[in-house]
Amino acid sequence: MADLVSMPKLGFDMAEGILVRWVKKEGEAVDKGELLAEIETDKATLELESPHSGVVRQFLVDEGAVVAVNKAIAVVGDKDETIDIEALIGAEAMEEEAEAAPTEAISSEPASAQSAVAASQPPSSGPAAEANGKLPEGVRATPLARRIAEDKGIDLRAISGSGPKGRVVKKDVEGHAAGGGTAGPVLAGLPSLQMPELGTAPADKRVPLTKLRSAIARRMTQSRQDVPHFYVTHEYAMERVLDVRKQVNALLQSSAEKLSVNDFVIKAAALALRQFPNLNAALDGDAVIQFGRVNIGVAVAVDNGLLVVVCKDADRKPLRQISSEVRAMADRARSGSMHPDDIQGSTFSISNMGMFDVAHFVAIINPPEAAILALGSAREVPVVRNGQVVPGQRMQATISIDHRVSDGAEGAQYLQALGQYLENPAALLL
Amino acid sequence: MTLKKKEHLELYRQMVLIRRIEQRAAELYQEGLIGGFLHLYIGQEAVSTGIVSLRKPVDRVITAYRDHGVAINCGISAKEVMAELLGKATGISKGRGGSMHMADVSKNYWGGHAIVGAHLPLAAGMALGDQYNGNDGVTICMFGDGATNIGFFHEAVNLSKVWDLPVLWICENNQYGMGTTVKRASAVEQMRQKAEGYNIPNARCEDGMDILKVREAVEPALEHVRSGKGPFFLEIMTYRFEGHSMGDPERYREKDEVQTWEKTDPIGVYNRYLVKQEIATKANLDKVETDAEAEVVEAIEFAIESPEPALDTLHDYTYVEAA
Amino acid sequence: MPAITMRQAISDALWEEMERDEKVFIMGEEVGVWGGTYAVTKGFYDHFGEKRVRDAPIAEAVIVGAGIGAALVGLRPISELMTINFAFVAMDHIVNEAPKLHAMFGGQMKVPLVIRAVSGGGRQLGATHSQTPDAIFAHFPGLTVIAPGTPADAKGLLKSAIRSDNPVLFIENALLYQARGEVPEGEHLVPIGESKVQREGSDVTLVSYSSMLQTSLKAAEQLEKEGISVEVVDLRCLRPLDMGPVVESFKKTNRAVIAEEGWGSYGVGSEVATRLYEEAFDYVDAPIKRVNQQEVPLPYNRALEHSALPQLADVVAAVKEVL
């Protein structure tokens, strides 16, 4: 019966060998144990003794060939026997194929699936994800804080961290939760339900207008009647402003200073106005006066009215100065001890109702200015990012513009320019 | 001690069985059925067969990694040896030891040990155990010439003399530590000279290819230790016909050196002696050989058909579980 | 309960076990006539005699190796290494023989050996005699590594180690020999492989063992005065490592510091921190900190040595850092 001679394993780490030389010739007789060939491994040249006795019927590999361990290299059989060499080798080859086939099938599938995924992904998603920073959701927080926040449905970005580098830790999240982040406001002194005698309703009361109220009434009526308003609304991602503000305020912790979101908007609006001088303007008969200075009027709620304090040259002042000036003027306005200069020379106004949890509103232009910007609250809202709904911080701003001076397109472009600053707040610090 | 015919045939049987096991193991290794290292005992059969034939059941045997032959001499079956070589659950070490780690504690055979010389301190400790308990046993510790150059050897041999431990040190000098000749590795030519340095009585058997000469040398050595005179050191000259392990290119020795030694093949020597002395007939010995061949074939079948160790037993034997 | 020194507690454990079991014996350098270089076995030689209190040559490989051999044949040897720094010359027997034999021969062999070794720095003994390489030994499955930090644990764990059927490396810290603590009177056994809360607290989990346990307890006391509540968990055994009480404590405090005397790289602290991150990631409220020896060969100079070793102030600072 014919036998295959295979490449022997001649060392614990041998995977293949080189058939250096056939010592026997095809057709020559060979005894079991007789030298058949020389084999070279990566360590040594070794002699291959024939494992079978008979006649070398056929060599299956040439001298110099690299052959895997256990692969057939020769056939030894009886001198005259008919050998179906094809069948002998074929059986071996088929076994190998059977082993190889599933591997191939497996490896081809993920490859195509992978390319399909790659093709379907929008090209912009890569860089965008990268720009989101290396911290998960852009927030430095401990694993425990993350887990608690997730359990309670709290957005970590709304929490300022007390750990090293502003890291949000357990107590920050728990403090936030206890402080009404999601538990809802607690109504103080809620009366128990009773069925009281309603009695007589209070009588109507006539309250005379204050001077301030009269002035507001007059100016706003005039504006609303004379100035053709149009409105453009834009929504801004505020995460970064909030983050920078948190960092800056952490640095300012020792001083009494504290930057507000409004301060950032003042600075951003002023800088954006430099690109859009037509909105930092007033209609004067048959011309538009584009003001050289950018003086931002800031509406301040006072008792029974509204005052606009003016931050002069806001485009050229550092944030901290804007912040401290506006705060000082607002304090004076509320206490009724304003300086006359505090409320003069405004070229563009901002009205911010962010502190009242307002989605958005429209403001009436403060004449003779050409525009006013009305800010809603920065609110946590669902945002779609990369096809996923995730929590985000968004603020809506609506600009009211005098149509005699400008048009919708310019208004929209201005709001975009403003977005450049609000979404890259580092620029406001330069 | 003169042997009866039956005893001669038993020794001859063991030597032939070892030879057949080793030859078939080499084939199985080449076919990829045996992994790791494989060190063959071919050529040295007379040494372990001679030594172990003289031990009493109380005598402990411990050796190095060329251990299949000693395993057979100590009474481990060809099946258990083959199954261990194939890494099967039925192997003598449950497939966890392999070629270099075969032991059967129930037969007082304490195993093959794979770190050169590291089992010598263990042997000293086992002898200490017998001394401590007042047992009659001798610990027979076999090692190669290469092991006499490592520190463990000196620490253990010294301690054995300091504490007069009942240990018989047997150096199987096959003249090569892997591929390095004794001359190139050892400061002294005879390994027994190292025992001199520790004031240990010693001897050298010049012909380890003749089992009867091996027995002649071992008998008084064993008696010396058993009589409570402390350790003895016996060097036995021998030769391995195969490489150090499978895949040895054997560049360090000439073909005719091997052929010269093969003329003194311990099985051939014993065979001629038995026939010439008319202790056994050629037919007797042929039958022994045929039986050995059949036993090995059966052992291989057993090993191949044996189950692999179950994967969920992986962590077994890492620690002794508290009773 | 009387307060006794760690030295006395260890000595008592050895004495009681030797009285209890004839098979227990001690061998090592200067354990007998000298009475132990740390005076742990003072009086043993006179009481138990030279058979059971054996002065060995300065040859650590055979002190451990013969211990293994004697353990294999049924004795319960205690091989004493004068310091753990000498374990390196017996490394093969500690890590490559003792923990392997049970597994390698399929459960046939047992090695009920205790290796006692003194670890730690702070005594101006220079780089080669001052190491705390405990973690190296804890790397090897099959070996049990114990390193107690209180006299009570030292006594109870050493007695359990002597009764264990597995090879145990029992690490004592030289600077702790004088440490005093209450030890229960009468038979006192502590189970192997159980970590223990040595002081309860709520703000930070402070994990340590051996010498740094004492430092950690002092740190906890000091921090308490500052209103910081520290829970001190003592590992007691490095292998098998019981993370249960550590994880439980960490889930409560969410912060951890691990203090050990040895180097930090690839150390006990690395292991514990990794397991905390793996097993309790969702409870992490601050990065886990390690307190270790500076990564230098320990210098002789007193001030340099002091600055290289972890001190009380380092532990206190680390705790504050994770708050």
# chains A, B, ... in the order shown; residues from 1 in each chain; ligands from 1
>>> interface_residues(of="chain C", to="chain A", cutoff="9 Å", atoms="only C-alpha atoms", output="list in words")
Asn254, Phe281, Asp282, Tyr283, Val284, Asp285, Ala286, Pro287 and Leu323 of chain C
>>> residues_around(residues="range 264-268 of chain C", least_positions_apart="4", cutoff="10 Å", atoms="only C-alpha atoms", output="JSON, numbers by chain")
{"C": [133, 134, 135, 136, 138, 139, 207, 208, 209, 235, 238, 241, 258, 259, 260, 272, 273, 274, 290, 291, 292, 293, 294, 295]}
>>> closest_atom_pairs(of="chain B", to="chain A", cutoff="10 Å", atoms="only C-alpha atoms", output="JSON lines")
{"residue": "B:Ala26", "atom": "CA", "partner": "A:Leu10", "partner_atom": "CA", "distance": 9.2}
{"residue": "B:Glu27", "atom": "CA", "partner": "A:Pro51", "partner_atom": "CA", "distance": 8.0}
{"residue": "B:Leu28", "atom": "CA", "partner": "A:Lys9", "partner_atom": "CA", "distance": 9.4}
{"residue": "B:Tyr29", "atom": "CA", "partner": "A:Lys9", "partner_atom": "CA", "distance": 6.7}
{"residue": "B:Gln30", "atom": "CA", "partner": "A:Lys9", "partner_atom": "CA", "distance": 4.3}
{"residue": "B:Glu31", "atom": "CA", "partner": "A:Pro8", "partner_atom": "CA", "distance": 6.1}
{"residue": "B:Gly32", "atom": "CA", "partner": "A:Lys9", "partner_atom": "CA", "distance": 6.1}
{"residue": "B:Leu33", "atom": "CA", "partner": "A:Lys9", "partner_atom": "CA", "distance": 9.6}
{"residue": "B:Ile34", "atom": "CA", "partner": "A:Phe12", "partner_atom": "CA", "distance": 9.0}
{"residue": "B:Gly35", "atom": "CA", "partner": "A:Phe12", "partner_atom": "CA", "distance": 6.3}
{"residue": "B:Gly36", "atom": "CA", "partner": "A:Phe12", "partner_atom": "CA", "distance": 4.8}
{"residue": "B:Phe37", "atom": "CA", "partner": "A:Phe12", "partner_atom": "CA", "distance": 5.8}
{"residue": "B:Leu38", "atom": "CA", "partner": "A:Phe12", "partner_atom": "CA", "distance": 8.3}
{"residue": "B:Ser245", "atom": "CA", "partner": "A:Gly11", "partner_atom": "CA", "distance": 8.0}
{"residue": "B:Met246", "atom": "CA", "partner": "A:Gly11", "partner_atom": "CA", "distance": 5.4}
{"residue": "B:Gly247", "atom": "CA", "partner": "A:Leu10", "partner_atom": "CA", "distance": 4.3}
{"residue": "B:Asp248", "atom": "CA", "partner": "A:Ala44", "partner_atom": "CA", "distance": 7.7}
{"residue": "B:Pro249", "atom": "CA", "partner": "A:Ala44", "partner_atom": "CA", "distance": 5.4}
{"residue": "B:Glu250", "atom": "CA", "partner": "A:Leu46", "partner_atom": "CA", "distance": 8.7}
{"residue": "B:Arg251", "atom": "CA", "partner": "A:Ala44", "partner_atom": "CA", "distance": 8.9}
>>> write_last_selection(atoms="C-alpha atoms", output="compact mmCIF listing (two decimals), in the first residue's frame")
# COMPACT_ATOMS: atom_id res chain seq x y z
CA ALA B 26 9.95 10.12 17.86
CA GLU B 27 7.61 9.21 15.02
CA LEU B 28 4.57 10.59 16.79
CA TYR B 29 6.51 13.77 17.47
CA GLN B 30 7.36 14.12 13.80
CA GLU B 31 3.71 13.61 12.98
CA GLY B 32 2.88 16.46 15.32
CA LEU B 33 1.00 14.39 17.89
CA ILE B 34 3.48 15.16 20.63
CA GLY B 35 4.22 18.77 21.50
CA GLY B 36 6.93 20.61 23.36
CA PHE B 37 10.30 19.03 24.00
CA LEU B 38 11.02 15.35 23.62
CA SER B 245 16.04 16.49 22.01
CA MET B 246 14.06 16.29 18.79
CA GLY B 247 15.45 18.70 16.22
CA ASP B 248 19.03 18.46 17.49
CA PRO B 249 21.28 19.04 14.45
CA GLU B 250 24.07 17.04 16.19
CA ARG B 251 26.83 19.20 14.82
>>> interface_residues(of="chain C", to="chain B", cutoff="7 Å", atoms="only C-alpha atoms", output="PyMOL selection string")
chain C and resi 59+61-62+65-70+72-73+75+102-108+141-142+165-166
>>> residues_around(residues="Ala217 in chain B", least_positions_apart="5", cutoff="8 Å", atoms="only C-alpha atoms", output="list in words")
Ala203, Arg204, Cys205 and Leu234 of chain B
>>> select_by_dssp(residues="range 206-258 of chain A", states="helix (DSSP H, G or I)", output="ChimeraX atom specification")
/A:211-226,239-251
>>> residues_around(residues="Lys263 in chain B", least_positions_apart="6", cutoff="12 Å", atoms="only C-alpha atoms", output="list of chain:residue names")
B:Gly43, B:Met209, B:Asp210, B:Tyr239, B:Phe241, B:Asp256, B:Glu257, B:Val269, B:Tyr270, B:Arg272
>>> residues_around(residues="Glu30 in chain C", least_positions_apart="3", cutoff="6 Å", atoms="only C-alpha atoms", output="PyMOL selection string")
chain C and resi 34+36+55
>>> atom_distance(atom1="CA of Pro307 in chain B", atom2="CA of Leu40 in chain B")
25.0 Å
>>> select_by_dssp(residues="range 229-290 of chain C", states="strand (DSSP E)", output="list in words")
Val230, Glu231, Val232, Val233, Asp234, Cys237, Leu238, Arg239, Ala256, Val257, Ile258, Ala259, Glu260, Glu261, Gly262, Trp263, Lys289 and Arg290 of chain C
>>> residues_around(residues="Glu19 in chain C", least_positions_apart="4", cutoff="12 Å", atoms="only C-alpha atoms", output="VMD selection string")
chain C and resid 12 to 15 23 to 25 44 47 to 48 52 159
>>> atom_distance(atom1="CA of Val182 in chain B", atom2="CA of Ala71 in chain B")
26.3 Å
>>> residues_around(residues="Gly177 in chain B", least_positions_apart="6", cutoff="9 Å", atoms="only C-alpha atoms", output="list in words")
Gly144, Asp145, Gly146, Ala147, Ala185 and His244 of chain B
